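Note: the block below is run04.txt and it holds compact mmCIF, C-alpha atoms.
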```
# COMPACT_ATOMS: atom_id res chain seq x y z
CA MET A 1 0.00 0.00 0.00
CA ALA A 2 1.29 3.44 -0.92
CA LYS A 3 2.40 5.86 1.76
CA VAL A 4 0.15 8.88 2.21
CA ALA A 5 1.53 12.40 2.52
CA LEU A 6 -0.23 15.65 3.36
CA ILE A 7 1.38 18.92 2.22
CA THR A 8 0.11 22.23 3.55
CA GLY A 9 1.06 25.11 1.29
CA VAL A 10 1.12 22.68 -1.63
CA ASN A 11 0.72 25.44 -4.22
CA GLY A 12 3.89 27.25 -3.15
CA GLN A 13 7.33 26.87 -4.66
CA ASP A 14 8.45 24.16 -2.24
CA GLY A 15 5.07 22.45 -2.07
CA SER A 16 4.88 22.02 -5.83
CA PHE A 17 8.35 20.49 -6.07
CA LEU A 18 7.72 18.27 -3.04
CA CYS A 19 4.46 17.07 -4.54
CA GLU A 20 6.26 16.03 -7.73
CA LEU A 21 8.97 14.26 -5.73
CA LEU A 22 6.50 12.29 -3.61
CA LEU A 23 4.38 11.26 -6.58
CA GLU A 24 7.53 10.00 -8.30
CA LYS A 25 8.25 7.94 -5.18
CA GLY A 26 4.82 6.33 -5.31
CA TYR A 27 3.06 8.29 -2.56
CA ASP A 28 -0.61 9.15 -2.47
CA VAL A 29 -0.48 12.92 -2.05
CA HIS A 30 -3.01 15.21 -0.39
CA GLY A 31 -2.57 18.95 -0.49
CA MET A 32 -4.23 21.73 1.46
CA VAL A 33 -5.17 24.89 -0.42
CA ARG A 34 -6.98 28.02 0.68
CA ARG A 35 -10.29 28.84 -0.97
CA THR A 36 -10.03 32.24 -2.64
CA SER A 37 -12.04 34.20 -5.19
CA GLN A 38 -9.39 33.44 -7.83
CA PHE A 39 -8.37 29.98 -9.03
CA SER A 40 -4.59 30.11 -8.67
CA ARG A 41 -2.87 26.74 -8.84
CA GLY A 42 -0.40 27.38 -11.61
CA ARG A 43 2.48 25.56 -9.93
CA ILE A 44 0.58 22.31 -9.38
CA GLU A 45 -2.20 22.06 -11.95
CA ASP A 46 -0.10 20.28 -14.59
CA THR A 47 1.12 17.83 -11.94
CA ARG A 48 -2.44 17.22 -10.76
CA GLN A 49 -3.72 16.56 -14.26
CA ARG A 50 -0.80 14.23 -15.00
CA ALA A 51 -1.37 12.31 -11.77
CA LEU A 52 -5.07 11.92 -12.53
CA SER A 53 -4.35 10.67 -16.07
CA GLN A 54 -2.01 8.04 -14.59
CA GLY A 55 -4.53 6.90 -12.00
CA ARG A 56 -2.44 8.32 -9.17
CA VAL A 57 -3.83 9.92 -6.01
CA PHE A 58 -3.30 13.66 -5.82
CA GLU A 59 -6.21 15.13 -3.93
CA LEU A 60 -6.66 18.74 -2.93
CA HIS A 61 -8.56 19.84 0.17
CA TYR A 62 -9.80 23.32 0.99
CA GLY A 63 -8.61 24.43 4.40
CA ASN A 64 -7.07 27.23 6.38
CA MET A 65 -4.29 27.16 8.95
CA SER A 66 -6.31 29.51 11.17
CA ASP A 67 -9.33 27.17 11.20
CA PRO A 68 -8.91 24.13 13.51
CA SER A 69 -12.04 22.43 12.19
CA SER A 70 -10.71 22.38 8.63
CA LEU A 71 -7.36 21.01 9.79
CA HIS A 72 -9.11 18.28 11.77
CA ARG A 73 -11.32 17.41 8.80
CA ILE A 74 -8.41 17.18 6.36
CA LEU A 75 -6.26 15.09 8.70
CA ALA A 76 -9.13 12.73 9.47
CA ALA A 77 -9.96 12.32 5.78
CA SER A 78 -6.41 11.81 4.50
CA ARG A 79 -4.90 9.87 7.46
CA PRO A 80 -1.37 10.76 6.35
CA ASP A 81 1.79 8.84 7.17
CA GLU A 82 3.83 12.02 6.65
CA ILE A 83 2.87 15.67 7.10
CA TYR A 84 4.88 18.46 5.52
CA ASN A 85 3.87 21.82 6.96
CA LEU A 86 4.95 24.33 4.34
CA ALA A 87 2.06 26.77 4.81
CA SER A 88 3.42 30.15 5.82
CA GLN A 89 3.32 33.88 5.43
CA SER A 90 6.66 33.56 3.73
CA HIS A 91 7.86 37.11 3.11
CA VAL A 92 10.09 38.71 5.75
CA GLY A 93 9.39 42.26 4.59
CA VAL A 94 5.62 41.75 4.66
CA SER A 95 5.87 40.52 8.26
CA PHE A 96 6.73 44.04 9.41
CA GLU A 97 3.51 45.27 7.83
CA GLU A 98 1.36 42.31 8.92
CA PRO A 99 2.90 41.09 12.19
CA GLU A 100 -0.29 39.66 13.69
CA HIS A 101 -1.22 37.70 10.58
CA THR A 102 2.35 36.44 10.30
CA THR A 103 2.29 35.26 13.92
CA GLU A 104 -1.08 33.58 13.45
CA ILE A 105 0.00 31.56 10.39
CA ASN A 106 3.69 30.96 11.15
CA ALA A 107 3.44 30.29 14.89
CA THR A 108 -0.01 29.66 16.37
CA ALA A 109 -1.16 27.58 13.39
CA VAL A 110 1.76 25.19 13.82
CA LEU A 111 0.65 24.49 17.39
CA ARG A 112 -2.91 24.10 16.11
CA LEU A 113 -1.82 21.53 13.52
CA LEU A 114 0.27 19.55 16.02
CA GLU A 115 -2.65 19.47 18.45
CA CYS A 116 -4.95 18.14 15.75
CA VAL A 117 -2.46 15.39 14.94
CA ARG A 118 -2.18 14.49 18.62
CA HIS A 119 -5.90 14.46 19.38
CA ILE A 120 -6.81 12.43 16.31
CA GLY A 121 -4.14 9.94 17.37
CA LEU A 122 -2.20 9.94 14.10
CA LYS A 123 1.27 8.43 14.13
CA ALA A 124 2.30 10.63 11.22
CA ARG A 125 5.82 11.90 10.86
CA PHE A 126 5.89 15.71 10.86
CA TYR A 127 8.11 18.16 8.99
CA GLN A 128 8.16 21.85 9.88
CA ALA A 129 9.58 24.40 7.47
CA SER A 130 11.92 26.50 9.59
CA SER A 131 14.23 29.25 8.36
CA SER A 132 17.74 30.69 8.52
CA GLU A 133 16.06 33.96 9.53
CA LEU A 134 16.09 32.53 13.06
CA TYR A 135 19.75 33.45 13.37
CA GLY A 136 19.24 37.20 12.94
CA HIS A 137 22.29 38.98 14.34
CA VAL A 138 24.42 35.92 13.84
CA ALA A 139 26.65 34.86 16.69
CA GLU A 140 28.99 32.90 14.42
CA ALA A 141 29.55 32.00 10.80
CA PRO A 142 28.77 29.58 9.38
CA GLN A 143 25.62 28.76 11.31
CA THR A 144 24.89 25.25 12.58
CA GLU A 145 22.08 23.62 14.53
CA LEU A 146 23.84 24.78 17.72
CA THR A 147 24.27 28.45 16.76
CA PRO A 148 22.18 30.70 19.07
CA PHE A 149 19.04 32.19 17.55
CA GLN A 150 18.60 35.97 17.61
CA PRO A 151 15.57 36.64 15.38
CA LEU A 152 14.98 40.19 14.17
CA SER A 153 11.70 40.24 12.22
CA PRO A 154 8.13 39.27 13.12
CA TYR A 155 8.55 36.49 10.54
CA ALA A 156 11.64 35.10 12.26
CA ILE A 157 10.17 35.40 15.75
CA ALA A 158 7.05 33.49 14.67
CA LYS A 159 9.22 30.83 13.02
CA LEU A 160 11.21 30.53 16.24
CA TYR A 161 8.03 29.77 18.20
CA ALA A 162 7.18 27.09 15.62
CA TYR A 163 10.68 25.63 15.90
CA TRP A 164 10.43 25.28 19.67
CA ILE A 165 6.87 23.97 19.74
CA VAL A 166 7.88 21.23 17.28
CA ARG A 167 10.79 20.29 19.52
CA SER A 168 8.48 20.34 22.54
CA TYR A 169 5.99 17.95 20.94
CA ARG A 170 8.82 15.68 19.86
CA GLU A 171 10.23 15.50 23.36
CA THR A 172 6.95 15.57 25.31
CA TYR A 173 4.76 13.29 23.21
CA GLY A 174 7.36 11.23 21.35
CA MET A 175 6.25 12.55 17.96
CA HIS A 176 8.51 12.00 14.97
CA ALA A 177 8.78 15.73 14.29
CA SER A 178 11.64 17.53 12.52
CA ASN A 179 12.59 21.12 11.82
CA GLY A 180 14.31 21.89 8.54
CA ILE A 181 16.30 25.10 9.07
CA LEU A 182 16.39 25.92 5.38
CA PHE A 183 18.55 28.69 4.07
CA ASN A 184 17.41 30.67 1.03
CA HIS A 185 16.35 28.41 -1.82
CA GLU A 186 15.13 29.53 -5.20
CA SER A 187 13.74 28.38 -8.54
CA PRO A 188 11.79 29.72 -11.52
CA ARG A 189 8.70 29.07 -9.39
CA ARG A 190 9.75 31.62 -6.77
CA GLY A 191 7.20 34.39 -6.23
CA GLU A 192 7.92 37.66 -7.99
CA ASN A 193 7.92 39.58 -4.68
CA PHE A 194 11.12 37.77 -3.60
CA VAL A 195 14.33 39.54 -4.54
CA THR A 196 15.85 36.78 -6.69
CA ARG A 197 12.79 36.35 -8.86
CA LYS A 198 12.21 40.10 -8.91
CA ILE A 199 15.69 40.46 -10.39
CA THR A 200 15.31 37.85 -13.12
CA TYR A 201 11.77 38.78 -14.10
CA SER A 202 12.53 42.52 -14.14
CA LEU A 203 15.68 42.10 -16.24
CA ALA A 204 13.74 39.98 -18.72
CA ARG A 205 11.08 42.68 -18.94
CA ILE A 206 13.72 45.41 -19.32
CA LYS A 207 15.29 43.45 -22.17
CA ALA A 208 11.87 43.18 -23.83
CA GLY A 209 11.22 46.91 -23.45
CA LEU A 210 8.36 46.32 -21.03
CA GLN A 211 9.93 47.89 -17.93
CA PRO A 212 12.29 50.87 -17.59
CA VAL A 213 14.41 49.91 -14.59
CA LEU A 214 14.90 47.41 -11.74
CA LYS A 215 14.59 48.99 -8.28
CA LEU A 216 16.25 47.29 -5.31
CA GLY A 217 17.21 47.97 -1.70
CA ASN A 218 20.37 46.67 -0.05
CA LEU A 219 22.64 45.33 -2.80
CA ASP A 220 25.23 44.11 -0.32
CA ALA A 221 22.96 41.83 1.72
CA ARG A 222 24.51 38.37 1.57
CA ARG A 223 22.62 35.09 1.49
CA ASP A 224 23.30 31.38 1.16
CA TRP A 225 21.24 30.55 -1.95
CA GLY A 226 20.43 27.01 -3.04
CA SER A 227 18.00 25.17 -5.28
CA ALA A 228 14.43 24.53 -4.10
CA GLN A 229 14.43 21.14 -5.82
CA ASP A 230 17.52 20.11 -3.86
CA TYR A 231 15.97 21.30 -0.61
CA VAL A 232 12.68 19.42 -0.88
CA GLN A 233 14.76 16.25 -1.24
CA ALA A 234 16.20 17.07 2.20
CA MET A 235 12.69 17.47 3.63
CA TRP A 236 11.77 13.97 2.50
CA LEU A 237 15.02 12.49 3.81
CA MET A 238 14.34 13.93 7.28
CA LEU A 239 11.11 11.97 7.57
CA GLN A 240 12.81 8.73 6.52
CA GLN A 241 15.10 8.77 9.56
CA PRO A 242 14.46 6.56 12.62
CA GLN A 243 13.83 9.61 14.80
CA GLY A 244 12.87 13.24 14.34
CA ASP A 245 15.62 15.85 14.57
CA ASP A 246 16.60 19.35 13.43
CA TYR A 247 18.79 20.00 10.41
CA VAL A 248 20.41 22.97 8.71
CA ILE A 249 20.01 22.76 4.93
CA ALA A 250 22.36 25.06 3.05
CA THR A 251 25.11 25.23 0.42
CA GLY A 252 27.76 26.80 2.67
CA GLU A 253 28.41 29.58 0.13
CA THR A 254 27.32 33.20 0.37
CA HIS A 255 26.64 35.68 -2.40
CA SER A 256 25.35 39.24 -2.32
CA VAL A 257 22.28 40.62 -4.05
CA ARG A 258 24.79 42.52 -6.20
CA ASP A 259 26.38 39.19 -7.23
CA PHE A 260 22.97 37.86 -8.19
CA VAL A 261 22.19 40.95 -10.29
CA GLU A 262 25.54 40.78 -12.08
CA ARG A 263 25.19 37.08 -12.91
CA ALA A 264 21.59 37.51 -14.11
CA ALA A 265 22.46 40.62 -16.15
CA THR A 266 25.28 38.79 -17.91
CA ARG A 267 22.99 35.86 -18.69
CA SER A 268 20.38 38.20 -20.16
CA GLY A 269 22.91 39.91 -22.43
CA PHE A 270 23.75 43.04 -20.43
CA ASP A 271 27.21 44.16 -19.32
CA ILE A 272 26.56 45.91 -16.03
CA ALA A 273 28.79 48.48 -14.32
CA TRP A 274 28.12 50.28 -11.03
CA THR A 275 28.28 54.05 -10.58
CA GLY A 276 27.60 56.28 -7.59
CA THR A 277 27.24 55.30 -3.94
CA GLY A 278 24.47 54.75 -1.41
CA VAL A 279 20.98 55.59 -2.62
CA ASP A 280 22.53 57.22 -5.70
CA GLU A 281 24.18 54.01 -6.88
CA LYS A 282 23.08 52.75 -10.29
CA GLY A 283 23.75 49.72 -12.44
CA VAL A 284 24.44 50.78 -16.02
CA ASP A 285 24.81 48.70 -19.17
CA ARG A 286 28.30 49.43 -20.51
CA ARG A 287 27.26 48.85 -24.12
CA THR A 288 24.33 51.26 -24.23
CA ASN A 289 24.85 53.44 -21.13
CA ARG A 290 21.29 52.51 -20.18
CA VAL A 291 20.42 52.55 -16.47
CA LEU A 292 19.25 49.07 -15.50
CA VAL A 293 19.26 49.19 -11.69
CA GLU A 294 18.42 51.94 -9.21
CA ILE A 295 18.33 52.00 -5.41
CA ASP A 296 14.98 52.67 -3.78
CA PRO A 297 15.06 53.16 0.02
CA ARG A 298 11.51 51.80 0.24
CA PHE A 299 12.98 48.34 -0.26
CA TYR A 300 15.30 48.52 2.74
CA ARG A 301 14.08 46.36 5.62
CA PRO A 302 13.65 48.05 9.02
CA VAL A 303 16.33 45.61 10.23
CA ASP A 304 18.22 43.04 8.19
CA VAL A 305 20.07 39.88 9.14
CA ASP A 306 23.83 39.77 9.06
CA ARG A 307 25.88 37.44 6.90
CA VAL A 308 23.90 34.24 6.42
CA GLN A 309 25.94 31.11 5.73
CA GLY A 310 24.81 27.63 6.65
CA ASP A 311 26.84 24.61 7.70
CA ALA A 312 24.89 21.53 6.58
CA SER A 313 27.47 19.02 7.84
CA LYS A 314 24.89 17.25 9.98
CA ALA A 315 22.57 16.78 6.99
CA PHE A 316 25.52 15.60 4.88
CA ARG A 317 26.44 13.08 7.53
CA GLN A 318 23.06 11.81 8.75
CA LEU A 319 20.81 12.28 5.73
CA GLY A 320 23.33 11.70 2.97
CA TRP A 321 22.07 14.92 1.40
CA ARG A 322 24.15 17.21 -0.83
CA PRO A 323 23.27 20.31 -2.86
CA THR A 324 23.64 19.62 -6.57
CA VAL A 325 22.95 23.03 -8.18
CA THR A 326 25.65 25.72 -8.10
CA PHE A 327 24.92 29.41 -7.62
CA ASP A 328 25.72 30.26 -11.23
CA ALA A 329 23.60 27.39 -12.52
CA LEU A 330 20.68 28.48 -10.33
CA VAL A 331 20.81 32.09 -11.54
CA ASN A 332 21.09 30.96 -15.15
CA LEU A 333 18.13 28.60 -14.74
CA MET A 334 15.94 31.35 -13.30
CA MET A 335 17.07 33.95 -15.83
CA ASP A 336 16.49 31.63 -18.79
CA ALA A 337 13.01 30.73 -17.52
CA ASP A 338 12.01 34.39 -17.22
CA LEU A 339 13.49 35.31 -20.59
CA ASP A 340 11.36 32.55 -22.11
CA ARG A 341 8.29 33.57 -20.14
CA VAL A 342 8.52 37.25 -21.04
CA ALA A 343 9.19 36.41 -24.70
CA ARG A 344 5.94 34.41 -24.76
CA GLU A 345 4.03 37.13 -22.91
CA SER A 346 5.30 39.84 -25.23
CA GLY A 347 4.71 37.90 -28.43
CA GLY A 348 8.39 37.17 -29.03
CA ARG A 349 9.68 40.74 -28.75
CA ALA A 350 12.29 39.73 -26.16
```

Starting from the file, give its structure as structure tokens.
Amino acid sequence: MAKVALITGVNGQDGSFLCELLLEKGYDVHGMVRRTSQFSRGRIEDTRQRALSQGRVFELHYGNMSDPSSLHRILAASRPDEIYNLASQSHVGVSFEEPEHTTEINATAVLRLLECVRHIGLKARFYQASSSELYGHVAEAPQTELTPFQPLSPYAIAKLYAYWIVRSYRETYGMHASNGILFNHESPRRGENFVTRKITYSLARIKAGLQPVLKLGNLDARRDWGSAQDYVQAMWLMLQQPQGDDYVIATGETHSVRDFVERAATRSGFDIAWTGTGVDEKGVDRRTNRVLVEIDPRFYRPVDVDRVQGDASKAFRQLGWRPTVTFDALVNLMMDADLDRVARESGGRA
């Protein structure tokens, strides 16, 4: 009999890749989606149709992380062997504008879901999507599972509550529950409000003559960027272990937003040079003297994390996991996808 998995946040970047991975491994997959006035399942609809045509189980359930009755109903109906909680208010910047909503979905709802699992009596293994944002003002670099957490944003603080409540349920109730402390991970499916995808999509639109300039905040913010497809493999591996645990998932390399812009600009056919300083800094195409990038203070965060660099040695050792996609390959993949997308949208003008 096939294993059954439930994925909350199935229509997100990670959820869509995880769904594909689990179906390939023979799972029956159930996904939770929010009911909205717009039908928006672009990341998973092709996968769903393909699964249905092959006679595979990929069932979607309407639910909401703030509604205990819907969580109870979905868990009781699906009876999963594995639960992947990927539902989240996932944007750090937005959390400063919507701190209560962020806390409700990223913190309280995790407790709510764990309580539903416990009261139904499920023996499901549980994965919680944690975040490198927990480290905040980092105490050391690179960061490991033992590095102290010093969260700075409402997003990170809510994620820290979720991290500790998962550990509490693991230790108190013997649940097989794991936290994946995932560092930044990207793909062509990344939302356009995240800086990496904003860069690639904007440069593709600039190249097509559909947008005048790319506006960014802190170009020198450094992140440890990996591939979302690599990282969902790590999620699955965590739930195949004899016991639940906490793992850093990262590449161990850091690159700045500036590095990302330069790599993406080169891939899209620009030759970028930087002029000016501070808010007056601009990225200019050497060939045409066209301004491609400008600084907009509106995109600075109220507070930003320091250098983020993960040490995934524990995952290497215990899970046998390794990142397979390099930084350059990741940027090229995202840039190529957006060049293709914008060319189709613009009727081939790109």

- request: Tell me which of A:Glu115, A:Asp340, A:Glu98, A:Glu24 sits closest to Pro68 in chain A, counting only C-alpha atoms.
  value: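 Closest to Pro68 in chain A, using only C-alpha atoms: A:Glu115.
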
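The two atoms in question, CA of Ser130 in chain A and CA of Leu160 in chain A, are spaced 7.8 Å apart.
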
- request: Might you pull out every residue within 12 Å of range 49-52 of chain A, with all atoms listed in the file counted and same-chain residues fewer than 5 positions away left off, and present them as a ChimeraX atom specification?
  value: /A:19-20,22-24,26-30,41-44,57-60

query: Any idea what's packed within 7 Å of Gly244 in chain A, counting all atoms listed in the file, ignoring anything in its chain fewer than 2 positions away? Could you give it as a list in words?
result: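 Here the answer would be His176, Ala177, Ser178 and Gln241 of chain A.
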
message: Need to verify the contact set: Asp220 in chain A, 10 Å, all atoms listed in the file, exclusion of same-chain residues closer than 4 positions in sequence. Can you return it as number ranges by chain?
response: A: 255-259, 307

message: I'd like to know which of A:Ile295, A:Val308, A:Leu203, A:Leu210 is closest to Phe260 in chain A, using all atoms listed in the file.
response: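 Among A:Ile295, A:Val308, A:Leu203, A:Leu210, it is A:Leu203 that comes nearest to Phe260 in chain A.
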
Atomic distance CA of Gly12 in chain A - CA of Ala87 in chain A, expressed in Å with one decimal: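 Computed distance, CA of Gly12 in chain A to CA of Ala87 in chain A, equals 8.2 Å.
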
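What separates CA of Tyr127 in chain A from CA of Leu111 in chain A is a distance of 12.9 Å.
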
Find the axis-aligned box for range 118-135 of chain A, covering all its listed atoms and adding 6 Å on each side, and write its centre and edge lengths in Å to one decimal as AutoDock Vina command-line options.
```
--center_x 6.5 --center_y 21.2 --center_z 13.4 --size_x 38.6 --size_y 37.5 --size_z 23.9
```

message: I need the residue nearest Phe327 in chain A from this list: A:Leu21, A:Ile206, A:Ala250, A:Ala162. Use only C-alpha atoms for the distance.
response: A:Ala250

message: Between A:Val342, A:Ala329, A:Ala264, A:Ala156, which residue has the minimum interatomic distance to His91 in chain A, considering all atoms listed in the file?
response: A:Ala156

- line: Among A:Gly310, A:Gly283, A:Gly269, A:Gly9, Asp224 in chain A is approached most closely, using all atoms listed in the file, by A:Gly310

- request: Find, counting all atoms listed in the file, the residue in A:Leu134, A:Gln229, A:Phe299, A:Ser78 that gets nearest to Phe194 in chain A.
  value: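 Of A:Leu134, A:Gln229, A:Phe299, A:Ser78, the one nearest Phe194 in chain A is A:Phe299, counting all atoms listed in the file.
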
May I ask you to restore N, CA, C and O atoms in range 156-180 of chain A and write the result as a short mmCIF file (atom, residue, chain, number, x, y, z; two decimals), in the frame of the given file?
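Output (result-v6.cif):
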```
data_model
loop_
_atom_site.label_atom_id
_atom_site.label_comp_id
_atom_site.auth_asym_id
_atom_site.auth_seq_id
_atom_site.Cartn_x
_atom_site.Cartn_y
_atom_site.Cartn_z
N ALA A 156 10.67 35.97 11.61
CA ALA A 156 11.64 35.10 12.26
C ALA A 156 11.21 34.72 13.67
O ALA A 156 11.41 33.58 14.11
N ILE A 157 10.62 35.66 14.39
CA ILE A 157 10.17 35.40 15.75
C ILE A 157 9.05 34.36 15.75
O ILE A 157 9.02 33.45 16.59
N ALA A 158 8.12 34.48 14.79
CA ALA A 158 7.05 33.49 14.67
C ALA A 158 7.62 32.13 14.31
O ALA A 158 7.19 31.09 14.85
N LYS A 159 8.59 32.10 13.41
CA LYS A 159 9.22 30.83 13.02
C LYS A 159 9.97 30.21 14.20
O LYS A 159 10.06 28.98 14.31
N LEU A 160 10.51 31.05 15.07
CA LEU A 160 11.21 30.53 16.24
C LEU A 160 10.23 29.85 17.20
O LEU A 160 10.55 28.80 17.76
N TYR A 161 9.05 30.44 17.39
CA TYR A 161 8.03 29.77 18.20
C TYR A 161 7.71 28.39 17.60
O TYR A 161 7.63 27.38 18.32
N ALA A 162 7.51 28.36 16.28
CA ALA A 162 7.18 27.09 15.62
C ALA A 162 8.30 26.07 15.82
O ALA A 162 8.03 24.89 16.08
N TYR A 163 9.53 26.53 15.70
CA TYR A 163 10.68 25.63 15.90
C TYR A 163 10.62 24.99 17.29
O TYR A 163 10.75 23.78 17.44
N TRP A 164 10.40 25.80 18.30
CA TRP A 164 10.43 25.28 19.67
C TRP A 164 9.21 24.44 20.01
O TRP A 164 9.30 23.47 20.77
N ILE A 165 8.06 24.78 19.43
CA ILE A 165 6.87 23.97 19.74
C ILE A 165 7.00 22.60 19.08
O ILE A 165 6.55 21.58 19.64
N VAL A 166 7.63 22.52 17.91
CA VAL A 166 7.88 21.23 17.28
C VAL A 166 8.82 20.39 18.14
O VAL A 166 8.59 19.19 18.37
N ARG A 167 9.87 21.01 18.64
CA ARG A 167 10.79 20.29 19.52
C ARG A 167 10.08 19.83 20.80
O ARG A 167 10.30 18.73 21.30
N SER A 168 9.21 20.69 21.32
CA SER A 168 8.48 20.34 22.54
C SER A 168 7.59 19.12 22.32
O SER A 168 7.56 18.20 23.15
N TYR A 169 6.87 19.09 21.21
CA TYR A 169 5.99 17.95 20.94
C TYR A 169 6.79 16.69 20.66
O TYR A 169 6.35 15.57 20.97
N ARG A 170 7.96 16.84 20.08
CA ARG A 170 8.82 15.68 19.86
C ARG A 170 9.28 15.09 21.18
O ARG A 170 9.25 13.87 21.39
N GLU A 171 9.67 15.97 22.09
CA GLU A 171 10.23 15.50 23.36
C GLU A 171 9.15 15.13 24.37
O GLU A 171 9.33 14.20 25.18
N THR A 172 8.01 15.81 24.33
CA THR A 172 6.95 15.57 25.31
C THR A 172 6.06 14.39 24.93
O THR A 172 5.71 13.57 25.79
N TYR A 173 5.72 14.31 23.65
CA TYR A 173 4.76 13.29 23.21
C TYR A 173 5.38 12.20 22.35
O TYR A 173 4.67 11.31 21.87
N GLY A 174 6.70 12.26 22.14
CA GLY A 174 7.36 11.23 21.35
C GLY A 174 7.03 11.29 19.88
O GLY A 174 7.17 10.27 19.17
N MET A 175 6.59 12.44 19.38
CA MET A 175 6.25 12.55 17.96
C MET A 175 7.52 12.54 17.11
O MET A 175 8.56 13.08 17.51
N HIS A 176 7.42 11.93 15.95
CA HIS A 176 8.51 12.00 14.97
C HIS A 176 8.35 13.33 14.25
O HIS A 176 7.64 13.44 13.25
N ALA A 177 8.96 14.36 14.79
CA ALA A 177 8.78 15.73 14.29
C ALA A 177 10.15 16.36 14.07
O ALA A 177 11.01 16.32 14.95
N SER A 178 10.34 16.96 12.90
CA SER A 178 11.64 17.53 12.52
C SER A 178 11.48 18.96 12.03
O SER A 178 10.49 19.31 11.38
N ASN A 179 12.48 19.76 12.37
CA ASN A 179 12.59 21.12 11.82
C ASN A 179 13.66 21.15 10.75
O ASN A 179 14.80 20.75 11.00
N GLY A 180 13.32 21.64 9.58
CA GLY A 180 14.31 21.89 8.54
C GLY A 180 14.67 23.36 8.55
O GLY A 180 13.84 24.20 8.16
#
```
